[in-house]
Amino acid sequence: MKRAGRGLTRLNAFGEAMPNIENRIELVDDKDELDMPLAKIVHSFDRDAAALWNANFEEGLKIAKATDAKEVWSGRGNMPTIHLMGGTIMGTEAGNSVTNSYGQTHELANLYVAGPGIFPTAGASNPTYTILALSLRGAEHLAKSWSTFAN
């Protein structure tokens with residue numbers, strides 16, 4: 001690392017997996033300390049997503065080697081599972097989405113969704129602050145509308 005300290009470079013590639021009906025969140029029989037059902041995530045990558053990741057990896061190695069680098073290290077391992085999104089996308093109506101722009105579901109007015117599920121895709125790298133901003137916006141809308149849900 002001392003040798004690499006002045007010339008270390010990292011290459012990243014971002015790919016996108018198409019929606020897969022088999023990827024889902026399921027309730028399980030176990031419950032938490034508040035007696036709420038727990039959930040498990042069921043997710044896998046299909047052949048196309050794996051091929052895209054492998055092609056990106058191989059292209060990155062070619063680029064790194066083409067720079068006449070003295071050393072090229074590859075961190076090939078499992079496909080990354082960060083920034084998974086979608087499943088409850090936001091839109092203008094129930095025919096094209098699950099939630100509105102506040103994360104409020106079209107079919108149940110008192111149900112809000114916060115997080116990356118409301119994105120149809122990542123669109124760019126690291127959406128954390130956009131997720132935070134939309135979650136805050138939805139929470140503020142929910143708080144403002146709270147009295148309409150009380151019954």
# chains A, B, ... in the order shown; residues from 1 in each chain; ligands from 1
$ select_by_dssp --residues "region 9-122 of chain A" --states "strand (DSSP E or B)" --output "list in words"
Arg24, Ile25, Glu26, Leu27, Val28, Asp29, Asp30, Lys31, Pro37, Leu38, Ala39, Lys40, Ile41, Val42, Met90, Thr99, Gln104, Thr105 and Tyr112 of chain A
$ atom_distance --atom1 "CA of Pro120 (chain A)" --atom2 "CA of Gly86 (chain A)"
4.8 Å
$ residues_around --residues "region 103-106 of chain A" --least-positions-apart "5" --cutoff "6 Å" --atoms "only C-alpha atoms" --output "PyMOL selection string"
chain A and resi 94+98+111-113+138
$ write_last_selection --atoms "N, CA and C atoms" --output "PDB file, in the first residue's frame"
ATOM      1  N   ALA A  94     -52.376   4.417 -10.366  1.00  0.00           N
ATOM      2  CA  ALA A  94     -52.251   2.993 -10.057  1.00  0.00           C
ATOM      3  C   ALA A  94     -51.915   2.162 -11.288  1.00  0.00           C
ATOM      4  N   VAL A  98     -47.073   2.102  -7.953  1.00  0.00           N
ATOM      5  CA  VAL A  98     -47.662   1.679  -6.677  1.00  0.00           C
ATOM      6  C   VAL A  98     -47.924   2.881  -5.777  1.00  0.00           C
ATOM      7  N   LEU A 111     -51.258   4.144   3.721  1.00  0.00           N
ATOM      8  CA  LEU A 111     -50.045   3.336   3.631  1.00  0.00           C
ATOM      9  C   LEU A 111     -49.002   4.094   2.812  1.00  0.00           C
ATOM     10  N   TYR A 112     -47.844   4.355   3.438  1.00  0.00           N
ATOM     11  CA  TYR A 112     -46.747   5.059   2.785  1.00  0.00           C
ATOM     12  C   TYR A 112     -45.539   4.125   2.680  1.00  0.00           C
ATOM     13  N   VAL A 113     -44.782   4.284   1.638  1.00  0.00           N
ATOM     14  CA  VAL A 113     -43.557   3.515   1.435  1.00  0.00           C
ATOM     15  C   VAL A 113     -42.395   4.499   1.379  1.00  0.00           C
ATOM     16  N   GLY A 138     -42.084  12.441   2.151  1.00  0.00           N
ATOM     17  CA  GLY A 138     -43.240  11.582   2.415  1.00  0.00           C
ATOM     18  C   GLY A 138     -43.686  11.643   3.863  1.00  0.00           C
TER      19      GLY A 138
END
$ closest_residue --among "A:Leu132, A:Ala66, A:Phe14, A:Phe149" --to "Ala109 (chain A)" --atoms "only C-alpha atoms"
A:Phe149
$ residues_around --residues "Leu136 (chain A)" --least-positions-apart "4" --cutoff "12 Å" --atoms "only C-alpha atoms" --output "ChimeraX atom specification"
/A:101-103,112-115,129-132,140-143
$ residues_around --residues "region 23-25 of chain A" --least-positions-apart "3" --cutoff "10 Å" --atoms "only C-alpha atoms" --output "PyMOL selection string"
chain A and resi 19-20+28+39-45+87
$ write_last_selection --atoms "N, CA and C atoms" --output "CSV table (one decimal), in the first residue's frame"
chain,number,residue,atom,x,y,z
A,19,PRO,N,-36.2,-6.1,-13.6
A,19,PRO,CA,-37.1,-6.6,-12.6
A,19,PRO,C,-37.3,-8.1,-12.7
A,20,ASN,N,-37.3,-8.8,-11.6
A,20,ASN,CA,-37.5,-10.2,-11.6
A,20,ASN,C,-38.6,-10.6,-10.6
A,28,VAL,N,-42.4,-13.8,7.5
A,28,VAL,CA,-42.1,-15.1,8.1
A,28,VAL,C,-42.9,-15.3,9.4
A,39,ALA,N,-39.7,-10.1,8.3
A,39,ALA,CA,-39.7,-10.4,6.9
A,39,ALA,C,-38.3,-11.0,6.5
A,40,LYS,N,-38.3,-11.6,5.3
A,40,LYS,CA,-37.0,-12.0,4.7
A,40,LYS,C,-37.0,-11.6,3.3
A,41,ILE,N,-35.8,-11.3,2.8
A,41,ILE,CA,-35.6,-10.9,1.4
A,41,ILE,C,-35.2,-12.1,0.6
A,42,VAL,N,-35.9,-12.3,-0.5
A,42,VAL,CA,-35.6,-13.4,-1.4
A,42,VAL,C,-35.1,-12.7,-2.7
A,43,HIS,N,-33.8,-12.9,-3.0
A,43,HIS,CA,-33.2,-12.2,-4.2
A,43,HIS,C,-32.1,-13.0,-4.8
A,44,SER,N,-32.1,-13.0,-6.1
A,44,SER,CA,-31.0,-13.6,-6.9
A,44,SER,C,-30.9,-12.8,-8.2
A,45,PHE,N,-29.7,-13.0,-8.8
A,45,PHE,CA,-29.5,-12.3,-10.1
A,45,PHE,C,-29.7,-13.4,-11.2
A,87,GLY,N,-39.9,-2.2,-7.1
A,87,GLY,CA,-40.9,-3.1,-6.5
A,87,GLY,C,-42.1,-2.3,-6.1
$ residues_around --residues "Phe57 (chain A)" --least-positions-apart "4" --cutoff "10 Å" --atoms "only C-alpha atoms" --output "JSON, numbers by chain"
{"A": [11, 12, 13, 51, 52, 53, 61, 62, 63, 74, 75, 76]}
$ residues_around --residues "Gly15 (chain A)" --least-positions-apart "5" --cutoff "10 Å" --atoms "only C-alpha atoms" --output "VMD selection string"
chain A and resid 49 to 50 52 to 53 55 to 56 122 124
$ write_last_selection --atoms "C-alpha atoms" --output "short mmCIF file (atom, residue, chain, number, x, y, z; two decimals), in the first residue's frame"
data_model
loop_
_atom_site.label_atom_id
_atom_site.label_comp_id
_atom_site.auth_asym_id
_atom_site.auth_seq_id
_atom_site.Cartn_x
_atom_site.Cartn_y
_atom_site.Cartn_z
CA ALA A 49 -27.41 -9.58 -14.79
CA ALA A 50 -24.49 -11.93 -14.13
CA LEU A 52 -23.46 -7.80 -17.50
CA TRP A 53 -21.46 -7.80 -14.27
CA ALA A 55 -18.56 -8.11 -18.93
CA ASN A 56 -18.09 -4.91 -16.88
CA ALA A 122 -30.98 3.70 -9.68
CA ALA A 124 -27.03 7.11 -11.21
#
$ closest_residue --among "A:Leu108, A:Met90, A:Met79, A:Ala139" --to "Thr121 (chain A)" --atoms "only C-alpha atoms"
A:Met90
$ select_by_dssp --residues "region 36-94 of chain A" --states "alpha helix (DSSP H)" --output "ChimeraX atom specification"
/A:47-66
$ atom_distance --atom1 "CA of Leu27 (chain A)" --atom2 "CA of Ala133 (chain A)"
27.7 Å
$ atom_distance --atom1 "CA of Thr99 (chain A)" --atom2 "CA of Leu84 (chain A)"
17.6 Å
$ closest_residue --among "A:Gly7, A:Glu93, A:Glu16, A:Met85" --to "Pro116 (chain A)" --atoms "only C-alpha atoms"
A:Met85
$ closest_residue --among "A:Arg10, A:Arg137, A:Lys2, A:Lys144" --to "Ala64 (chain A)" --atoms "only C-alpha atoms"
A:Arg10
